[in-house]
>>> print(open('protein-v6.cif').read())   # mmCIF, C-alpha atoms and all ligand atoms
data_coords
loop_
_atom_site.label_atom_id
_atom_site.label_comp_id
_atom_site.auth_asym_id
_atom_site.auth_seq_id
_atom_site.Cartn_x
_atom_site.Cartn_y
_atom_site.Cartn_z
CA MET A 1 -30.60 -6.77 73.28
CA THR A 2 -30.22 -10.47 72.50
CA LEU A 3 -32.92 -12.37 70.67
CA LEU A 4 -33.83 -15.65 72.37
CA ASP A 5 -33.79 -17.62 69.16
CA GLY A 6 -36.08 -20.60 69.64
CA LYS A 7 -35.59 -21.76 66.09
CA LYS A 8 -31.82 -21.96 66.48
CA LEU A 9 -32.11 -23.78 69.81
CA ALA A 10 -34.64 -26.21 68.36
CA THR A 11 -32.24 -27.06 65.54
CA GLN A 12 -29.49 -27.77 68.12
CA ILE A 13 -31.77 -29.87 70.30
CA LYS A 14 -33.07 -31.81 67.30
CA SER A 15 -29.57 -32.77 66.23
CA GLU A 16 -28.71 -33.85 69.81
CA ILE A 17 -31.82 -36.03 69.97
CA LYS A 18 -31.26 -37.43 66.51
CA GLU A 19 -27.80 -38.52 67.65
CA LYS A 20 -29.33 -40.29 70.66
CA VAL A 21 -31.93 -42.02 68.49
CA LEU A 22 -29.20 -43.27 66.16
CA THR A 23 -27.26 -44.61 69.14
CA ARG A 24 -30.40 -46.31 70.44
CA ALA A 25 -30.98 -47.90 67.03
CA ALA A 26 -27.35 -49.09 66.88
CA GLU A 27 -27.76 -50.63 70.35
CA GLY A 28 -30.95 -52.40 69.28
CA LYS A 29 -33.09 -50.29 71.60
CA LYS A 30 -36.60 -49.19 70.79
CA ILE A 31 -37.12 -46.12 68.61
CA PRO A 32 -39.27 -43.64 70.59
CA HIS A 33 -42.85 -43.47 69.39
CA LEU A 34 -45.08 -40.44 70.00
CA ALA A 35 -48.79 -40.52 69.20
CA ALA A 36 -51.05 -37.49 68.94
CA ILE A 37 -54.82 -37.31 69.03
CA LEU A 38 -56.32 -34.39 67.14
CA VAL A 39 -60.05 -33.81 67.49
CA GLY A 40 -61.80 -31.61 64.94
CA GLU A 41 -60.30 -29.11 62.54
CA ASN A 42 -59.24 -26.14 64.64
CA PRO A 43 -56.64 -24.54 62.33
CA ALA A 44 -54.24 -23.61 65.16
CA SER A 45 -54.42 -27.12 66.66
CA MET A 46 -53.87 -28.66 63.22
CA ALA A 47 -50.79 -26.48 62.74
CA TYR A 48 -49.40 -27.39 66.19
CA VAL A 49 -49.91 -31.12 65.62
CA ARG A 50 -48.39 -30.95 62.14
CA ASN A 51 -45.34 -29.34 63.70
CA LYS A 52 -45.06 -32.01 66.36
CA VAL A 53 -45.32 -34.84 63.83
CA LYS A 54 -42.76 -33.14 61.56
CA SER A 55 -40.33 -32.74 64.47
CA CYS A 56 -40.72 -36.44 65.31
CA GLU A 57 -39.77 -37.32 61.74
CA GLU A 58 -36.78 -34.97 61.85
CA VAL A 59 -35.31 -36.61 64.95
CA GLY A 60 -36.00 -40.15 63.75
CA PHE A 61 -38.92 -40.96 66.09
CA THR A 62 -41.91 -42.95 64.99
CA SER A 63 -45.13 -40.95 65.17
CA THR A 64 -48.79 -41.75 64.74
CA LEU A 65 -51.53 -39.20 64.30
CA PHE A 66 -55.12 -40.05 65.20
CA LYS A 67 -57.42 -37.57 63.48
CA GLU A 68 -60.86 -37.75 65.03
CA PRO A 69 -64.00 -35.90 63.98
CA GLU A 70 -65.30 -32.93 65.97
CA THR A 71 -68.34 -35.07 66.79
CA ILE A 72 -66.45 -37.90 68.51
CA SER A 73 -68.16 -38.81 71.77
CA GLU A 74 -66.40 -38.48 75.10
CA ASN A 75 -66.69 -42.25 75.50
CA ASP A 76 -65.07 -43.03 72.16
CA LEU A 77 -62.24 -40.63 72.94
CA LEU A 78 -61.76 -42.29 76.33
CA HIS A 79 -61.57 -45.65 74.56
CA LEU A 80 -58.91 -44.36 72.22
CA VAL A 81 -56.92 -43.01 75.18
CA GLU A 82 -57.25 -46.39 76.90
CA ASN A 83 -56.00 -48.18 73.76
CA LEU A 84 -52.95 -45.93 73.63
CA ASN A 85 -52.35 -46.46 77.37
CA ASN A 86 -52.26 -50.20 76.72
CA ASN A 87 -50.28 -50.16 73.49
CA PRO A 88 -46.67 -51.08 74.34
CA GLU A 89 -45.47 -49.70 70.99
CA ILE A 90 -46.40 -46.15 72.04
CA ASP A 91 -44.06 -44.52 74.52
CA GLY A 92 -45.96 -41.28 74.95
CA PHE A 93 -48.99 -39.51 73.57
CA ILE A 94 -50.81 -36.22 73.67
CA VAL A 95 -54.38 -35.14 73.22
CA GLN A 96 -54.21 -31.75 71.51
CA LEU A 97 -56.22 -29.11 73.41
CA PRO A 98 -58.67 -27.45 73.26
CA LEU A 99 -61.28 -30.18 72.87
CA PRO A 100 -64.84 -29.54 71.66
CA GLY A 101 -67.24 -28.26 74.34
CA HIS A 102 -69.08 -31.59 74.77
CA ILE A 103 -65.89 -33.30 75.97
CA ASN A 104 -64.61 -32.84 79.51
CA GLU A 105 -60.91 -32.04 79.13
CA HIS A 106 -60.13 -32.92 82.75
CA LEU A 107 -61.67 -36.36 82.34
CA ILE A 108 -59.51 -37.01 79.27
CA THR A 109 -56.33 -35.70 80.94
CA LEU A 110 -57.00 -37.90 83.98
CA ALA A 111 -57.51 -40.95 81.75
CA ILE A 112 -54.01 -40.68 80.24
CA ASN A 113 -51.50 -42.99 81.90
CA ALA A 114 -49.11 -40.64 83.74
CA GLU A 115 -46.20 -42.76 82.44
CA LYS A 116 -47.17 -41.76 78.88
CA ASP A 117 -48.28 -38.20 79.63
CA VAL A 118 -45.47 -36.46 77.74
CA ASP A 119 -47.32 -33.13 77.80
CA GLY A 120 -46.99 -33.23 81.59
CA PHE A 121 -50.62 -32.27 82.24
CA HIS A 122 -51.62 -35.22 84.45
CA PRO A 123 -52.02 -34.46 88.19
CA VAL A 124 -49.45 -37.17 89.01
CA ASN A 125 -46.83 -35.37 86.93
CA LEU A 126 -47.87 -31.94 88.22
CA GLY A 127 -47.74 -33.26 91.80
CA LYS A 128 -44.31 -34.81 91.31
CA MET A 129 -43.13 -31.53 89.78
CA MET A 130 -44.29 -29.74 92.95
CA LEU A 131 -42.19 -32.12 95.03
CA GLY A 132 -39.16 -31.98 92.74
CA LEU A 133 -39.47 -35.70 91.90
CA PRO A 134 -38.60 -37.14 88.48
CA CYS A 135 -41.56 -36.61 86.15
CA PHE A 136 -42.63 -35.28 82.80
CA LEU A 137 -42.52 -31.51 83.17
CA SER A 138 -45.26 -29.55 81.38
CA ALA A 139 -43.93 -28.98 77.89
CA THR A 140 -44.07 -25.17 77.65
CA PRO A 141 -42.53 -24.41 81.08
CA LYS A 142 -39.88 -27.08 80.42
CA GLY A 143 -39.13 -25.42 77.08
CA ILE A 144 -38.77 -22.03 78.78
CA LEU A 145 -36.33 -23.48 81.33
CA GLU A 146 -34.35 -24.95 78.45
CA MET A 147 -34.29 -21.56 76.74
CA LEU A 148 -33.06 -19.78 79.90
CA SER A 149 -30.45 -22.46 80.51
CA ARG A 150 -29.05 -22.47 76.97
CA TYR A 151 -28.70 -18.69 77.04
CA ASP A 152 -27.04 -18.90 80.49
CA ILE A 153 -29.67 -16.70 82.08
CA PRO A 154 -29.56 -17.25 85.84
CA THR A 155 -32.78 -17.43 87.87
CA LYS A 156 -31.31 -17.69 91.37
CA GLY A 157 -32.33 -14.71 93.48
CA LYS A 158 -34.07 -13.03 90.54
CA HIS A 159 -37.56 -11.62 90.66
CA VAL A 160 -39.64 -13.43 88.05
CA VAL A 161 -43.08 -12.09 87.23
CA VAL A 162 -45.35 -14.55 85.42
CA VAL A 163 -48.48 -13.02 83.88
CA GLY A 164 -51.14 -15.70 83.42
CA ARG A 165 -51.96 -18.65 85.69
CA SER A 166 -53.19 -21.42 83.39
CA HIS A 167 -52.56 -25.03 84.41
CA ILE A 168 -50.41 -25.64 81.36
CA VAL A 169 -48.22 -22.53 81.39
CA GLY A 170 -48.34 -19.88 84.12
CA THR A 171 -48.95 -21.97 87.23
CA PRO A 172 -46.38 -24.74 86.54
CA MET A 173 -43.88 -22.07 85.41
CA SER A 174 -44.26 -20.21 88.70
CA ILE A 175 -43.76 -23.43 90.69
CA LEU A 176 -40.71 -24.54 88.73
CA LEU A 177 -38.93 -21.21 89.07
CA SER A 178 -39.63 -20.93 92.79
CA ARG A 179 -38.44 -24.49 93.53
CA LYS A 180 -35.20 -24.99 95.38
CA GLY A 181 -32.18 -25.70 93.22
CA LYS A 182 -30.77 -25.23 89.77
CA GLN A 183 -33.08 -23.35 87.41
CA GLY A 184 -35.18 -22.29 90.38
CA ASP A 185 -34.43 -20.25 93.50
CA ALA A 186 -36.25 -17.25 92.05
CA THR A 187 -38.73 -15.04 93.85
CA VAL A 188 -41.86 -15.45 91.80
CA THR A 189 -44.91 -13.24 91.50
CA LEU A 190 -47.85 -14.82 89.69
CA CYS A 191 -50.19 -12.23 88.16
CA HIS A 192 -53.59 -12.88 86.58
CA SER A 193 -56.77 -11.21 85.45
CA TYR A 194 -57.65 -10.05 88.99
CA THR A 195 -54.23 -8.54 89.69
CA GLN A 196 -54.58 -4.86 90.49
CA ASP A 197 -52.07 -2.42 89.05
CA LEU A 198 -50.32 -5.10 86.96
CA LYS A 199 -47.73 -2.61 85.76
CA SER A 200 -46.42 -2.06 89.30
CA PHE A 201 -45.50 -5.78 89.31
CA THR A 202 -44.19 -6.16 85.77
CA LEU A 203 -41.90 -3.17 86.33
CA GLN A 204 -40.20 -5.11 89.14
CA ALA A 205 -39.44 -8.14 86.99
CA ASP A 206 -35.88 -9.20 86.24
CA ILE A 207 -37.49 -11.92 84.15
CA LEU A 208 -40.98 -11.28 82.77
CA ILE A 209 -42.99 -14.18 81.37
CA ALA A 210 -46.16 -13.27 79.49
CA ALA A 211 -48.82 -15.98 79.02
CA THR A 212 -52.18 -14.25 78.80
CA GLY A 213 -53.37 -14.92 75.25
CA ILE A 214 -53.93 -11.19 74.76
CA PRO A 215 -52.09 -9.93 71.66
CA GLU A 216 -49.32 -7.41 72.38
CA PHE A 217 -50.58 -6.90 75.93
CA ILE A 218 -47.19 -6.16 77.51
CA THR A 219 -45.86 -2.83 76.30
CA GLY A 220 -42.48 -1.15 76.72
CA ASP A 221 -43.65 1.10 79.58
CA MET A 222 -44.46 -2.05 81.63
CA VAL A 223 -40.93 -3.44 81.45
CA LYS A 224 -37.92 -2.67 83.65
CA PRO A 225 -34.88 -1.64 81.60
CA GLY A 226 -32.61 -4.65 81.12
CA ALA A 227 -35.29 -7.24 81.90
CA VAL A 228 -35.42 -10.65 80.23
CA VAL A 229 -38.77 -10.96 78.45
CA ILE A 230 -40.25 -14.33 77.54
CA ASP A 231 -43.29 -14.17 75.28
CA VAL A 232 -45.38 -17.34 75.49
CA GLY A 233 -48.38 -16.02 73.58
CA ILE A 234 -49.33 -17.35 70.17
CA ASN A 235 -52.23 -15.30 68.88
CA ARG A 236 -53.74 -15.18 65.42
CA VAL A 237 -54.73 -11.63 64.53
CA GLU A 238 -56.54 -10.71 61.34
CA ASP A 239 -54.24 -9.28 58.70
CA SER A 240 -55.64 -8.73 55.22
CA SER A 241 -52.16 -7.95 53.88
CA ASN A 242 -51.08 -11.51 54.71
CA PRO A 243 -52.05 -14.21 52.16
CA LYS A 244 -53.22 -16.40 55.06
CA GLY A 245 -55.53 -13.61 56.27
CA PHE A 246 -53.84 -13.53 59.67
CA ARG A 247 -50.49 -13.09 61.30
CA LEU A 248 -49.10 -14.59 64.49
CA THR A 249 -48.32 -12.30 67.36
CA GLY A 250 -47.26 -12.80 70.94
CA ASP A 251 -48.53 -11.33 74.20
CA VAL A 252 -45.68 -8.82 74.06
CA HIS A 253 -45.65 -5.67 71.95
CA PHE A 254 -42.26 -6.42 70.42
CA PRO A 255 -41.47 -2.98 68.92
CA SER A 256 -41.78 -1.13 72.24
CA VAL A 257 -40.42 -3.89 74.53
CA GLU A 258 -37.41 -4.94 72.47
CA PRO A 259 -35.44 -1.69 73.03
CA VAL A 260 -35.97 -1.89 76.83
CA SER A 261 -35.13 -5.56 77.31
CA SER A 262 -31.78 -7.35 77.60
CA TYR A 263 -33.15 -10.58 76.10
CA ILE A 264 -36.45 -11.15 74.36
CA SER A 265 -38.10 -14.14 72.70
CA PRO A 266 -39.83 -13.49 69.38
CA VAL A 267 -43.17 -14.83 68.14
CA PRO A 268 -43.05 -16.87 66.01
CA GLY A 269 -39.65 -18.53 66.44
CA GLY A 270 -39.47 -18.37 70.23
CA VAL A 271 -41.08 -20.41 73.00
CA GLY A 272 -43.33 -22.40 70.63
CA GLN A 273 -40.31 -24.11 69.12
CA LEU A 274 -39.03 -25.09 72.56
CA THR A 275 -42.43 -26.44 73.60
CA VAL A 276 -42.28 -28.94 70.75
CA MET A 277 -38.70 -29.82 71.72
CA ALA A 278 -39.77 -30.41 75.33
CA LEU A 279 -42.42 -32.82 74.09
CA ILE A 280 -39.82 -34.66 72.05
CA GLN A 281 -37.41 -34.74 75.02
CA ASN A 282 -40.18 -36.11 77.27
CA THR A 283 -40.94 -38.83 74.71
CA LEU A 284 -37.28 -39.84 74.58
CA LEU A 285 -37.32 -39.97 78.39
CA ALA A 286 -40.43 -42.18 78.29
CA ALA A 287 -38.67 -44.61 75.95
CA GLU A 288 -35.47 -44.55 78.04
CA ARG A 289 -37.42 -45.37 81.19
CA LYS A 290 -38.42 -48.67 79.59
CA ASP A 291 -34.86 -49.67 78.56
P1 LIG B 301 -55.33 -19.24 79.28
O1 LIG B 301 -56.35 -18.52 78.50
O2 LIG B 301 -55.63 -20.59 79.83
O3 LIG B 301 -54.89 -18.31 80.49
C1 LIG B 301 -54.67 -16.95 80.33
C2 LIG B 301 -54.25 -16.38 81.66
O4 LIG B 301 -54.05 -14.98 81.47
C3 LIG B 301 -55.28 -16.54 82.77
O5 LIG B 301 -54.65 -17.13 83.89
C4 LIG B 301 -55.73 -15.13 83.08
O6 LIG B 301 -55.91 -14.92 84.48
C5 LIG B 301 -54.57 -14.29 82.58
N1 LIG B 301 -55.05 -12.97 82.14
C6 LIG B 301 -56.06 -12.71 81.29
N2 LIG B 301 -56.25 -11.37 81.19
C7 LIG B 301 -55.33 -10.80 82.00
C8 LIG B 301 -55.04 -9.46 82.35
N3 LIG B 301 -55.72 -8.44 81.83
N4 LIG B 301 -54.03 -9.24 83.21
C9 LIG B 301 -53.32 -10.26 83.73
N5 LIG B 301 -53.57 -11.56 83.45
C10 LIG B 301 -54.56 -11.82 82.59
O7 LIG B 301 -54.03 -19.24 78.37
P2 LIG B 301 -52.78 -20.25 78.21
O8 LIG B 301 -53.27 -21.57 77.77
O9 LIG B 301 -51.88 -20.16 79.38
O10 LIG B 301 -52.09 -19.55 76.97
C11 LIG B 301 -51.61 -18.21 77.03
C12 LIG B 301 -51.02 -17.84 75.70
O11 LIG B 301 -49.92 -18.70 75.44
C13 LIG B 301 -51.94 -18.04 74.50
O12 LIG B 301 -51.63 -17.06 73.52
C14 LIG B 301 -51.59 -19.41 73.98
O13 LIG B 301 -51.87 -19.56 72.60
C15 LIG B 301 -50.12 -19.41 74.23
N6 LIG B 301 -49.51 -20.72 74.39
C16 LIG B 301 -48.33 -20.87 73.77
C17 LIG B 301 -47.63 -22.05 73.92
C18 LIG B 301 -46.30 -22.17 73.26
O14 LIG B 301 -45.84 -23.25 73.04
N7 LIG B 301 -45.63 -21.05 72.97
C19 LIG B 301 -48.16 -23.09 74.69
C20 LIG B 301 -49.37 -22.89 75.32
C21 LIG B 301 -50.03 -21.68 75.18
#
>>> encode(input="protein-v6.cif", output="structure tokens")
Amino acid sequence: MTLLDGKKLATQIKSEIKEKVLTRAAEGKKIPHLAAILVGENPASMAYVRNKVKSCEEVGFTSTLFKEPETISENDLLHLVENLNNNPEIDGFIVQLPLPGHINEHLITLAINAEKDVDGFHPVNLGKMMLGLPCFLSATPKGILEMLSRYDIPTKGKHVVVVGRSHIVGTPMSILLSRKGKQGDATVTLCHSYTQDLKSFTLQADILIAATGIPEFITGDMVKPGAVVIDVGINRVEDSSNPKGFRLTGDVHFPSVEPVSSYISPVPGGVGQLTVMALIQNTLLAAERKD
């Protein structure tokens, strides 16, 4: 079994990007600038955004964090998005999800200029992805492709089973892997909460991607021997033995799946790291497009 070490890959990618930023600076080109909007004080969202800002600093990007109160109105948030759309200094920005219940997430996503949508959530980017046109790929699926590629794991002709069909992970992942061409050409089965006899599908997977948000949902008996297992889940489960009062766990029950798999991504230290790198790569791309 080989561990798909997201932390190690992220370190490599960071140094590659840092190099590019230094070259840009030497050539007098603009330093990429990522902005993030964080609404409220959801601890997981705060941790994700902190990580993103820290990664920007590490690669030499400029970053700006807009911390808005939980009570911000939809209109005020739309104004902020509009300001960032119109600010030439900012190459790309994200609005950290989830948003409070009184704000329509779709409305906010639609308001982001697709040229600055480095999370790849805007319908223009999702549509271009469908057609195989240049675009910002959704950060988590892009990160997973990067992980497969850097570990030389082929997808052509493989049966990939994706469990979970969210717009930000499962659905774009299934489309990317079934597209024609490099890093695609897989036969993809997309499973979800209405799938009957899930195990009969997961047992067929050469590559199994779990994105359900249910802690340790995929167990060893659901995995074909030798399968590649990608755990997207990041779940906080109560743990009184941990000083933080919780521990992070994936959607995969690591102890029972690890012995069956050929490759497996851990949580933490797996896909999450690559998601942040994909965001950084998209921001660099946004800056390069304006050169
Ligand atoms: P979501 O809640 O939007 O979607 C969950 C999906 O799981 C749904 O499509 C649902 O149909 C499916 N599902 C639920 N119960 C199921 C069942 N019993 N059998 C089969 N399918 C079932 O979740 P999401 O936003 O895609 O996130 C999934 C997980 O990935 C979460 O733990 C989230 O925190 C994590 N996540 C991680 C990253 C990262 O960078 N690693 C990025 C985004 C999300």
>>> residues_near_ligand(input="protein-v6.cif", ligand="ligand LIG 301 (chain B)", cutoff="8 Å", atoms="all atoms listed in the file", output="JSON, numbers by chain")
{"A": [139, 140, 163, 164, 165, 166, 167, 168, 169, 170, 191, 192, 193, 194, 195, 198, 210, 211, 212, 213, 214, 215, 217, 231, 232, 233, 234, 235, 250, 251, 270, 271, 272, 273, 274, 275, 276]}
>>> atom_distance(input="protein-v6.cif", atom1="CA of Asp119 in chain A", atom2="CA of Ser149 in chain A")
20.1 Å
>>> residues_around(input="protein-v6.cif", residues="range 107-114 of chain A", least_positions_apart="4", cutoff="12 Å", atoms="all atoms listed in the file", output="PDB file with C-alpha atoms, in the frame of the given file")
ATOM      1  CA  ILE A  37     -54.820 -37.310  69.030  1.00  0.00           C
ATOM      2  CA  SER A  73     -68.160 -38.810  71.770  1.00  0.00           C
ATOM      3  CA  GLU A  74     -66.400 -38.480  75.100  1.00  0.00           C
ATOM      4  CA  ASN A  75     -66.690 -42.250  75.500  1.00  0.00           C
ATOM      5  CA  ASP A  76     -65.070 -43.030  72.160  1.00  0.00           C
ATOM      6  CA  LEU A  77     -62.240 -40.630  72.940  1.00  0.00           C
ATOM      7  CA  LEU A  78     -61.760 -42.290  76.330  1.00  0.00           C
ATOM      8  CA  HIS A  79     -61.570 -45.650  74.560  1.00  0.00           C
ATOM      9  CA  LEU A  80     -58.910 -44.360  72.220  1.00  0.00           C
ATOM     10  CA  VAL A  81     -56.920 -43.010  75.180  1.00  0.00           C
ATOM     11  CA  GLU A  82     -57.250 -46.390  76.900  1.00  0.00           C
ATOM     12  CA  ASN A  83     -56.000 -48.180  73.760  1.00  0.00           C
ATOM     13  CA  LEU A  84     -52.950 -45.930  73.630  1.00  0.00           C
ATOM     14  CA  ASN A  85     -52.350 -46.460  77.370  1.00  0.00           C
ATOM     15  CA  ASN A  86     -52.260 -50.200  76.720  1.00  0.00           C
ATOM     16  CA  ASN A  87     -50.280 -50.160  73.490  1.00  0.00           C
ATOM     17  CA  ILE A  90     -46.400 -46.150  72.040  1.00  0.00           C
ATOM     18  CA  ASP A  91     -44.060 -44.520  74.520  1.00  0.00           C
ATOM     19  CA  GLY A  92     -45.960 -41.280  74.950  1.00  0.00           C
ATOM     20  CA  PHE A  93     -48.990 -39.510  73.570  1.00  0.00           C
ATOM     21  CA  ILE A  94     -50.810 -36.220  73.670  1.00  0.00           C
ATOM     22  CA  VAL A  95     -54.380 -35.140  73.220  1.00  0.00           C
ATOM     23  CA  GLN A  96     -54.210 -31.750  71.510  1.00  0.00           C
ATOM     24  CA  LEU A  97     -56.220 -29.110  73.410  1.00  0.00           C
ATOM     25  CA  PRO A  98     -58.670 -27.450  73.260  1.00  0.00           C
ATOM     26  CA  LEU A  99     -61.280 -30.180  72.870  1.00  0.00           C
ATOM     27  CA  PRO A 100     -64.840 -29.540  71.660  1.00  0.00           C
ATOM     28  CA  HIS A 102     -69.080 -31.590  74.770  1.00  0.00           C
ATOM     29  CA  ILE A 103     -65.890 -33.300  75.970  1.00  0.00           C
ATOM     30  CA  VAL A 118     -45.470 -36.460  77.740  1.00  0.00           C
ATOM     31  CA  ASP A 119     -47.320 -33.130  77.800  1.00  0.00           C
ATOM     32  CA  GLY A 120     -46.990 -33.230  81.590  1.00  0.00           C
ATOM     33  CA  PHE A 121     -50.620 -32.270  82.240  1.00  0.00           C
ATOM     34  CA  HIS A 122     -51.620 -35.220  84.450  1.00  0.00           C
ATOM     35  CA  PRO A 123     -52.020 -34.460  88.190  1.00  0.00           C
ATOM     36  CA  VAL A 124     -49.450 -37.170  89.010  1.00  0.00           C
ATOM     37  CA  ASN A 125     -46.830 -35.370  86.930  1.00  0.00           C
ATOM     38  CA  LEU A 126     -47.870 -31.940  88.220  1.00  0.00           C
ATOM     39  CA  GLY A 127     -47.740 -33.260  91.800  1.00  0.00           C
ATOM     40  CA  LYS A 128     -44.310 -34.810  91.310  1.00  0.00           C
ATOM     41  CA  CYS A 135     -41.560 -36.610  86.150  1.00  0.00           C
ATOM     42  CA  PHE A 136     -42.630 -35.280  82.800  1.00  0.00           C
ATOM     43  CA  LEU A 137     -42.520 -31.510  83.170  1.00  0.00           C
ATOM     44  CA  SER A 138     -45.260 -29.550  81.380  1.00  0.00           C
ATOM     45  CA  HIS A 167     -52.560 -25.030  84.410  1.00  0.00           C
ATOM     46  CA  ILE A 168     -50.410 -25.640  81.360  1.00  0.00           C
ATOM     47  CA  ASN A 282     -40.180 -36.110  77.270  1.00  0.00           C
ATOM     48  CA  ALA A 286     -40.430 -42.180  78.290  1.00  0.00           C
TER      49      ALA A 286
END
>>> closest_residue(input="protein-v6.cif", among="A:Val160, A:Leu38, A:Leu133, A:Met46", to="Ile230 in chain A", atoms="only C-alpha atoms")
A:Val160
>>> residues_around(input="protein-v6.cif", residues="Asp221 in chain A", least_positions_apart="4", cutoff="9 Å", atoms="only C-alpha atoms", output="list of chain:residue names")
A:Lys199, A:Leu203, A:Ser256, A:Val257, A:Val260
>>> closest_residue(input="protein-v6.cif", among="A:Arg289, A:Lys20, A:Lys14, A:His159", to="Cys56 in chain A", atoms="only C-alpha atoms")
A:Lys14
>>> residues_around(input="protein-v6.cif", residues="Gly40 in chain A", least_positions_apart="5", cutoff="8 Å", atoms="only C-alpha atoms", output="list in words")
Lys67, Glu68, Pro69, Glu70, Thr71 and Pro100 of chain A
>>> closest_residue(input="protein-v6.cif", among="A:Ser178, A:Thr202, A:Thr249, A:Ser265", to="Val161 in chain A", atoms="all atoms listed in the file")
A:Thr202
>>> closest_residue(input="protein-v6.cif", among="A:Ser261, A:Thr64, A:Asn242, A:Ser15", to="Gly220 in chain A", atoms="only C-alpha atoms")
A:Ser261
>>> atom_distance(input="protein-v6.cif", atom1="CA of Gly60 in chain A", atom2="CA of Glu146 in chain A")
21.2 Å
>>> closest_residue(input="protein-v6.cif", among="A:Thr23, A:Ser200, A:Thr171, A:Ser262", to="Thr2 in chain A", atoms="only C-alpha atoms")
A:Ser262
